[in-house]
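Have a look at the structure below, then the notes.
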Amino acid sequence: MTGIRRVKGVKLLGRRIGNWLTGSQAQELLNAASRDTLRGVRDAAMLGLLLGCGLRRSEVVGLRLDQLQLREGQWVIVDLVGKGGRLRTVPVPDWARSLSMFGSAIRE
């Protein structure tokens with residue numbers, strides 16, 4: 001019994017800190033961006049990527065349009081250089097893609 005107590009568990013590398021938004025708070029934030037102006041459309045698209053894809057601010061501002069691709073029926077952001085220089089591919093939810101002004105221009 002004492003041997004079992006001494007066994008170490010899975011090491012936790014990171015810890016989530018800070019204030020996290022609830023679903024209703026995230027929806028309220030998205031609704032706050034006015035889509036009547038070009039700036040509002042931009043803000044809504046950026047918020048959609050931040051919330052829907054879980055991107056960091058630096059990742060959103062560094063995106064290029066050619067990184068948005070249709071792969072196996074799913075829109076994804078490819079070759080995204082993230083924290084620590086890691087390359088990753090991130091799925092984009094349909095609702096987040098439709099927030100951008102390019103959402104209507106980019107169709108399957």
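Residue numbering restarts at 1 in every chain; chains get A, B, ... in the order shown in the structure tokens, and ligands count up from 1 in that same order.
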
Problem - Polymer residues at most 12 Å from Val61 in chain A, only C-alpha atoms, same-chain spacing of 2 or more positions, as a PyMOL selection string - result: chain A and resi 42-43+45-47+49-50+55-59+63-65+80-82

Go ahead and save the residues from that selection, with N, CA, C and O atoms, as an mmCIF file, in the first residue's frame.
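As written to disk, out39.cif reads:
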data_model
loop_
_atom_site.group_PDB
_atom_site.id
_atom_site.type_symbol
_atom_site.label_atom_id
_atom_site.label_comp_id
_atom_site.auth_asym_id
_atom_site.auth_seq_id
_atom_site.Cartn_x
_atom_site.Cartn_y
_atom_site.Cartn_z
ATOM 1 N N ARG A 42 -13.885 43.445 -39.831
ATOM 2 C CA ARG A 42 -12.543 42.963 -39.485
ATOM 3 C C ARG A 42 -12.481 42.493 -38.036
ATOM 4 O O ARG A 42 -11.961 41.424 -37.733
ATOM 5 N N ASP A 43 -13.037 43.298 -37.134
ATOM 6 C CA ASP A 43 -13.020 42.943 -35.715
ATOM 7 C C ASP A 43 -13.779 41.649 -35.457
ATOM 8 O O ASP A 43 -13.327 40.802 -34.688
ATOM 9 N N ALA A 45 -14.291 39.196 -37.579
ATOM 10 C CA ALA A 45 -13.514 38.085 -38.138
ATOM 11 C C ALA A 45 -12.359 37.710 -37.222
ATOM 12 O O ALA A 45 -12.097 36.522 -36.989
ATOM 13 N N MET A 46 -11.686 38.696 -36.661
ATOM 14 C CA MET A 46 -10.572 38.425 -35.757
ATOM 15 C C MET A 46 -11.067 37.773 -34.470
ATOM 16 O O MET A 46 -10.452 36.822 -33.970
ATOM 17 N N LEU A 47 -12.176 38.254 -33.933
ATOM 18 C CA LEU A 47 -12.734 37.653 -32.732
ATOM 19 C C LEU A 47 -13.173 36.214 -32.989
ATOM 20 O O LEU A 47 -13.000 35.337 -32.143
ATOM 21 N N LEU A 49 -11.823 34.121 -35.094
ATOM 22 C CA LEU A 49 -10.628 33.280 -35.123
ATOM 23 C C LEU A 49 -10.051 33.070 -33.728
ATOM 24 O O LEU A 49 -9.604 31.977 -33.388
ATOM 25 N N LEU A 50 -10.080 34.120 -32.918
ATOM 26 C CA LEU A 50 -9.576 34.000 -31.557
ATOM 27 C C LEU A 50 -10.411 33.020 -30.744
ATOM 28 O O LEU A 50 -9.878 32.149 -30.052
ATOM 29 N N LEU A 55 -6.853 30.727 -31.432
ATOM 30 C CA LEU A 55 -5.573 31.293 -31.856
ATOM 31 C C LEU A 55 -5.111 32.372 -30.882
ATOM 32 O O LEU A 55 -5.910 32.994 -30.188
ATOM 33 N N ARG A 56 -3.831 32.590 -30.859
ATOM 34 C CA ARG A 56 -3.255 33.685 -30.087
ATOM 35 C C ARG A 56 -3.327 34.955 -30.927
ATOM 36 O O ARG A 56 -3.431 34.893 -32.150
ATOM 37 N N ARG A 57 -3.217 36.105 -30.261
ATOM 38 C CA ARG A 57 -3.284 37.383 -30.990
ATOM 39 C C ARG A 57 -2.215 37.461 -32.065
ATOM 40 O O ARG A 57 -2.470 37.887 -33.183
ATOM 41 N N SER A 58 -0.998 37.061 -31.733
ATOM 42 C CA SER A 58 0.094 37.141 -32.698
ATOM 43 C C SER A 58 -0.150 36.220 -33.900
ATOM 44 O O SER A 58 0.267 36.524 -35.010
ATOM 45 N N GLU A 59 -0.826 35.095 -33.665
ATOM 46 C CA GLU A 59 -1.131 34.175 -34.764
ATOM 47 C C GLU A 59 -2.177 34.772 -35.693
ATOM 48 O O GLU A 59 -2.095 34.613 -36.913
ATOM 49 N N LEU A 63 -1.649 35.982 -39.968
ATOM 50 C CA LEU A 63 -2.275 35.106 -40.958
ATOM 51 C C LEU A 63 -2.237 35.697 -42.357
ATOM 52 O O LEU A 63 -2.305 36.911 -42.540
ATOM 53 N N ARG A 64 -2.166 34.799 -43.331
ATOM 54 C CA ARG A 64 -2.271 35.178 -44.740
ATOM 55 C C ARG A 64 -3.478 34.441 -45.316
ATOM 56 O O ARG A 64 -3.836 33.348 -44.868
ATOM 57 N N LEU A 65 -4.110 35.019 -46.309
ATOM 58 C CA LEU A 65 -5.307 34.425 -46.900
ATOM 59 C C LEU A 65 -5.014 33.066 -47.529
ATOM 60 O O LEU A 65 -5.861 32.171 -47.495
ATOM 61 N N LEU A 80 0.414 27.117 -39.677
ATOM 62 C CA LEU A 80 0.346 28.197 -38.704
ATOM 63 C C LEU A 80 1.543 28.065 -37.770
ATOM 64 O O LEU A 80 1.725 27.031 -37.125
ATOM 65 N N VAL A 81 2.368 29.097 -37.737
ATOM 66 C CA VAL A 81 3.538 29.087 -36.857
ATOM 67 C C VAL A 81 3.089 29.612 -35.511
ATOM 68 O O VAL A 81 2.692 30.762 -35.377
ATOM 69 N N GLY A 82 3.128 28.734 -34.514
ATOM 70 C CA GLY A 82 2.644 29.090 -33.191
ATOM 71 C C GLY A 82 3.758 29.307 -32.200
ATOM 72 O O GLY A 82 4.917 29.537 -32.552
#

Exercise for the section: May I ask for the distance between CA of Val60 in chain A and CA of Ile17 in chain A, given in Å to one decimal place? Expected result: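 CA of Ile17 in chain A lies at a distance of 21.2 Å from CA of Val60 in chain A.
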
Practice task
Return the single residue from A:Leu68, A:Cys53, A:Leu30, A:Val76 that is closest to Leu99 in chain A, with distances computed using only C-alpha atoms.
Solution key: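 Going through A:Leu68, A:Cys53, A:Leu30, A:Val76 one by one, the smallest distance to Leu99 in chain A is for A:Leu30.
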
Handout entry: Pick from A:Val78, A:Gly48, A:Ser34, A:Glu72, whichever lies nearest to Pro93 in chain A using only C-alpha atoms
Key = A:Gly48

Practice task
Could you tell me how far CA of Trp75 in chain A lies from CA of Pro91 in chain A, in Å and to one decimal?
Solution key: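 Those two atoms sit 6.1 Å apart.
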
Handout entry: alpha helix (DSSP H) positions in range 7-89 of chain A, given as a ChimeraX atom specification
Key = /A:23-32,38-52,57-61

Those same residues - C-alpha atoms - I'd like them written as a PDB file, in the first residue's frame.
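So the final result, stored in selection.pdb, reads:
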ATOM      1  CA  GLY A  23     -20.176  30.749 -23.785  1.00  0.00           C
ATOM      2  CA  SER A  24     -22.624  33.595 -23.238  1.00  0.00           C
ATOM      3  CA  GLN A  25     -19.798  36.075 -22.600  1.00  0.00           C
ATOM      4  CA  ALA A  26     -18.079  35.004 -25.830  1.00  0.00           C
ATOM      5  CA  GLN A  27     -21.345  35.427 -27.759  1.00  0.00           C
ATOM      6  CA  GLU A  28     -21.827  38.879 -26.230  1.00  0.00           C
ATOM      7  CA  LEU A  29     -18.298  39.846 -27.271  1.00  0.00           C
ATOM      8  CA  LEU A  30     -18.951  38.706 -30.845  1.00  0.00           C
ATOM      9  CA  ASN A  31     -22.232  40.617 -30.969  1.00  0.00           C
ATOM     10  CA  ALA A  32     -20.486  43.801 -29.792  1.00  0.00           C
ATOM     11  CA  LEU A  38     -15.312  47.592 -42.627  1.00  0.00           C
ATOM     12  CA  ARG A  39     -13.547  47.910 -39.264  1.00  0.00           C
ATOM     13  CA  GLY A  40     -16.422  46.080 -37.557  1.00  0.00           C
ATOM     14  CA  VAL A  41     -16.285  43.240 -40.086  1.00  0.00           C
ATOM     15  CA  ARG A  42     -12.543  42.963 -39.485  1.00  0.00           C
ATOM     16  CA  ASP A  43     -13.020  42.943 -35.715  1.00  0.00           C
ATOM     17  CA  ALA A  44     -15.726  40.252 -35.925  1.00  0.00           C
ATOM     18  CA  ALA A  45     -13.514  38.085 -38.138  1.00  0.00           C
ATOM     19  CA  MET A  46     -10.572  38.425 -35.757  1.00  0.00           C
ATOM     20  CA  LEU A  47     -12.734  37.653 -32.732  1.00  0.00           C
ATOM     21  CA  GLY A  48     -14.135  34.617 -34.527  1.00  0.00           C
ATOM     22  CA  LEU A  49     -10.628  33.280 -35.123  1.00  0.00           C
ATOM     23  CA  LEU A  50      -9.576  34.000 -31.557  1.00  0.00           C
ATOM     24  CA  LEU A  51     -12.631  32.317 -30.040  1.00  0.00           C
ATOM     25  CA  GLY A  52     -13.467  29.622 -32.587  1.00  0.00           C
ATOM     26  CA  ARG A  57      -3.284  37.383 -30.990  1.00  0.00           C
ATOM     27  CA  SER A  58       0.094  37.141 -32.698  1.00  0.00           C
ATOM     28  CA  GLU A  59      -1.131  34.175 -34.764  1.00  0.00           C
ATOM     29  CA  VAL A  60      -4.210  36.075 -35.957  1.00  0.00           C
ATOM     30  CA  VAL A  61      -2.312  39.181 -37.057  1.00  0.00           C
TER      31      VAL A  61
END

Problem - Point-to-point distance in Å for CA of Thr22 in chain A and CA of Leu70 in chain A - result: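 Distance between the two atoms: 29.5 Å.
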